[in-house]
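Undergrad: One structure, pasted below without further comment.
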Amino acid sequence: MSAVLICHGVSKTYGRRTVLDGVSLSVEAGRVTGLLGLNGAGKTTLMRIATGLVSPTSGSVRVLGHGLPLRPAVLGRVGAALDAPAFYRWMTGRAMLRILLDTAGLRDDGRLQRSLERVGLDEAADRRVGTYSQGQRQRLALAAALLKSPDLLVLDEPTNGLDPSGVRLVRSIVAQEAARGAGVLISSHQLDEIARVCDSVVMMSRGVVSAAGTVEELGLVEADGPEGLEEWFFAHQDVADRPAGSEGGRP
Ligand SMILES: Nc1ncnc2c1ncn2[C@@H]1O[C@H](COP(=O)(O)OP(=O)(O)OP(=O)(O)O)[C@@H](O)[C@H]1O
């Protein structure tokens, strides 16, 4: 197995505030790694660092074997849909993707239409993005991330705002991308989705990794139903983040 992303001892401070403190993780080609944690745990910050959008304060990051800052050739192999994707509201979805394709220096060999179809946006593609629902914007962000057939795919809460068919779609796209050989890093608050789609999980708590391993090693496969998953989640959180009365222990 080869790692498409390796973070080692990554820290990030904003002013006096440490939001990541020595985070290490790796994402292997052909595997799906889930990033879990409460609001503010540092998941998005780590994903921004892993995609070259934000510099770490310290630590090392290797993306597809390359260090930061990521050169355009490396960025061309990274697909990302991070939180609150920004699109020009007056442009159509199709025009928006065309610009992203041109900027990445890629030829449209049919991949634009394929990406639209994969996310179920082909009918809405020629409407202005400003008329899209939240779920349609989320689907457009996913199409943009898939456009480059990336070797590293980073998805920050991709099921936010999606209806059940969209949630199912994301699950199957993630599985298809991993089967194609891409390494996928995905964050979500939907524990059942993570349990179903991920090979391994990194749990973050207040900027540090509180647990990491395969879904089998972490006992996620045995956690059953919403209550079982919730219990599992809090058992792997930092002690201070556990709700009162929780008896879960650190693995
Ligand atoms: N540009 C910034 N300046 C200052 N603080 C920031 C900045 N970006 C993020 N933070 C802080 O870093 C911490 C981690 O935020 P981050 O968005 O990475 O968390 P998260 O785990 O993705 O949360 P959520 O589940 O709510 O999306 C938060 O306390 C946030 O306020």
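Just remember, in the structure tokens the first chain shown is A, the second B, etc., residues are 1-based per chain, and ligands are 1-based in the order shown.
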Write out as a short mmCIF file (atom, residue, chain, number, x, y, z; two decimals) with N, CA and C atoms, in the first residue's frame each polymer residue (protein, DNA or RNA) that has an atom no more than 6 Å from ligand 1, with only C-alpha atoms and all ligand atoms counted.
TA:
data_model
loop_
_atom_site.label_atom_id
_atom_site.label_comp_id
_atom_site.auth_asym_id
_atom_site.auth_seq_id
_atom_site.Cartn_x
_atom_site.Cartn_y
_atom_site.Cartn_z
N TYR A 14 -3.43 29.85 15.69
CA TYR A 14 -3.93 31.15 15.22
C TYR A 14 -3.75 32.10 16.39
N VAL A 19 -4.96 25.17 17.46
CA VAL A 19 -6.15 24.42 17.01
C VAL A 19 -5.78 23.01 16.53
N GLY A 37 -14.90 13.91 14.89
CA GLY A 37 -14.64 14.76 16.05
C GLY A 37 -15.76 15.76 16.22
N LEU A 38 -15.86 16.30 17.43
CA LEU A 38 -16.90 17.29 17.71
C LEU A 38 -16.64 18.57 16.94
N ASN A 39 -17.62 19.46 16.89
CA ASN A 39 -17.42 20.77 16.27
C ASN A 39 -16.19 21.44 16.87
N GLY A 40 -15.35 21.96 16.00
CA GLY A 40 -14.18 22.69 16.49
C GLY A 40 -12.99 21.81 16.83
N ALA A 41 -13.09 20.50 16.56
CA ALA A 41 -11.99 19.58 16.90
C ALA A 41 -10.74 19.83 16.04
N GLY A 42 -10.94 20.41 14.86
CA GLY A 42 -9.80 20.72 13.99
C GLY A 42 -9.81 19.97 12.66
N LYS A 43 -10.91 19.31 12.33
CA LYS A 43 -10.97 18.48 11.12
C LYS A 43 -10.79 19.33 9.84
N THR A 44 -11.56 20.41 9.75
CA THR A 44 -11.48 21.24 8.55
C THR A 44 -10.10 21.87 8.42
N THR A 45 -9.55 22.31 9.54
CA THR A 45 -8.22 22.92 9.50
C THR A 45 -7.20 21.92 8.95
#
Undergrad: Just want the 10 Å neighbourhood of Leu68 (chain A), counted on only C-alpha atoms, with same-chain residues fewer than 6 positions away dropped. Output as a list of chain:residue names.
TA: A:Ile49, A:Ala50, A:Thr51, A:Gly52, A:Leu53, A:Val54, A:Ser55, A:Pro56, A:Ser60, A:Val61, A:Arg62
Undergrad: Would you please work out which residue, of A:Ala145, A:Ala104, A:Ile99, A:Leu5, is nearest to Leu116 (chain A) when using only C-alpha atoms?
TA: A:Ala145
Undergrad: Considering only C-alpha atoms, state which residue in the set A:Ile186, A:Ala179, A:Val10, A:Leu25 is at the smallest distance from Leu82 (chain A).
TA: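 Of A:Ile186, A:Ala179, A:Val10, A:Leu25, the one nearest Leu82 (chain A) is A:Ile186, counting only C-alpha atoms.
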Undergrad: Using only C-alpha atoms, what does the table of region 77-135 of chain A residues within 10 Å of region 150-171 of chain A look like, with each row giving the shortest atom pair and its distance in Å to one decimal, sorted by chain and ascending number, as CSV?
TA:
residue,atom,partner,partner_atom,distance
A:Arg77,CA,A:Pro150,CA,4.6
A:Val78,CA,A:Leu152,CA,4.9
A:Gly79,CA,A:Leu153,CA,4.8
A:Ala80,CA,A:Val154,CA,4.6
A:Ala81,CA,A:Leu155,CA,5.0
A:Leu82,CA,A:Asp156,CA,4.8
A:Asp83,CA,A:Asp156,CA,5.8
A:Ala84,CA,A:Asp156,CA,9.4
A:Arg118,CA,A:Leu169,CA,8.3
A:Val119,CA,A:Leu169,CA,7.1
A:Gly120,CA,A:Gly166,CA,8.5
A:Ser133,CA,A:Gly161,CA,8.9
A:Gln134,CA,A:Gly161,CA,6.0
A:Gly135,CA,A:Leu162,CA,4.8
Undergrad: Mind writing the picked residues with C-alpha atoms as a PDB file, in the first residue's frame?
TA:
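Just written: part-v3.pdb:
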ATOM      1  CA  ARG A  77      -3.980  15.296  -8.619  1.00  0.00           C
ATOM      2  CA  VAL A  78      -5.863  16.434  -5.519  1.00  0.00           C
ATOM      3  CA  GLY A  79      -9.648  16.784  -5.483  1.00  0.00           C
ATOM      4  CA  ALA A  80     -11.320  18.521  -2.567  1.00  0.00           C
ATOM      5  CA  ALA A  81     -14.771  19.579  -1.466  1.00  0.00           C
ATOM      6  CA  LEU A  82     -14.267  21.563   1.710  1.00  0.00           C
ATOM      7  CA  ASP A  83     -16.815  23.345   3.873  1.00  0.00           C
ATOM      8  CA  ALA A  84     -18.908  26.178   2.420  1.00  0.00           C
ATOM      9  CA  ARG A 118     -22.167  11.058 -11.390  1.00  0.00           C
ATOM     10  CA  VAL A 119     -23.504  13.556  -8.863  1.00  0.00           C
ATOM     11  CA  GLY A 120     -26.968  13.698 -10.447  1.00  0.00           C
ATOM     12  CA  SER A 133     -30.588  24.379  -3.448  1.00  0.00           C
ATOM     13  CA  GLN A 134     -28.015  23.732  -0.714  1.00  0.00           C
ATOM     14  CA  GLY A 135     -27.935  20.065  -1.699  1.00  0.00           C
TER      15      GLY A 135
END
Undergrad: Can you work out the spacing between CA of Glu231 (chain A) and CA of Leu191 (chain A) in Å, to one decimal?
TA: 10.7 Å
Undergrad: Which one is closest to Ala86 (chain A): A:Ala223, A:Met204, A:Ala212, A:Ala144? Count only C-alpha atoms.
TA: A:Ala144
Undergrad: Under the rule that only C-alpha atoms are counted, which of A:Thr57, A:Ser149, A:Gln138, A:Ser26 is the nearest residue to Gly181 (chain A)?
TA: A:Ser149
Undergrad: Report as a ChimeraX atom specification all protein, DNA and RNA residues lying within 7 Å of Val32 (chain A), evaluated on only C-alpha atoms, omitting residues in the same chain fewer than 5 positions from it.
TA: /A:178,183-185,198-200
Undergrad: Work out how far apart CA of Arg127 (chain A) and CA of Leu147 (chain A) are and give it in Å to one decimal.
TA: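 Computing the Euclidean distance for CA of Arg127 (chain A) and CA of Leu147 (chain A) yields 19.0 Å.
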Undergrad: Measure the distance from CA of His8 (chain A) to CA of Val202 (chain A) in Å and round it to one decimal.
TA: 13.5 Å
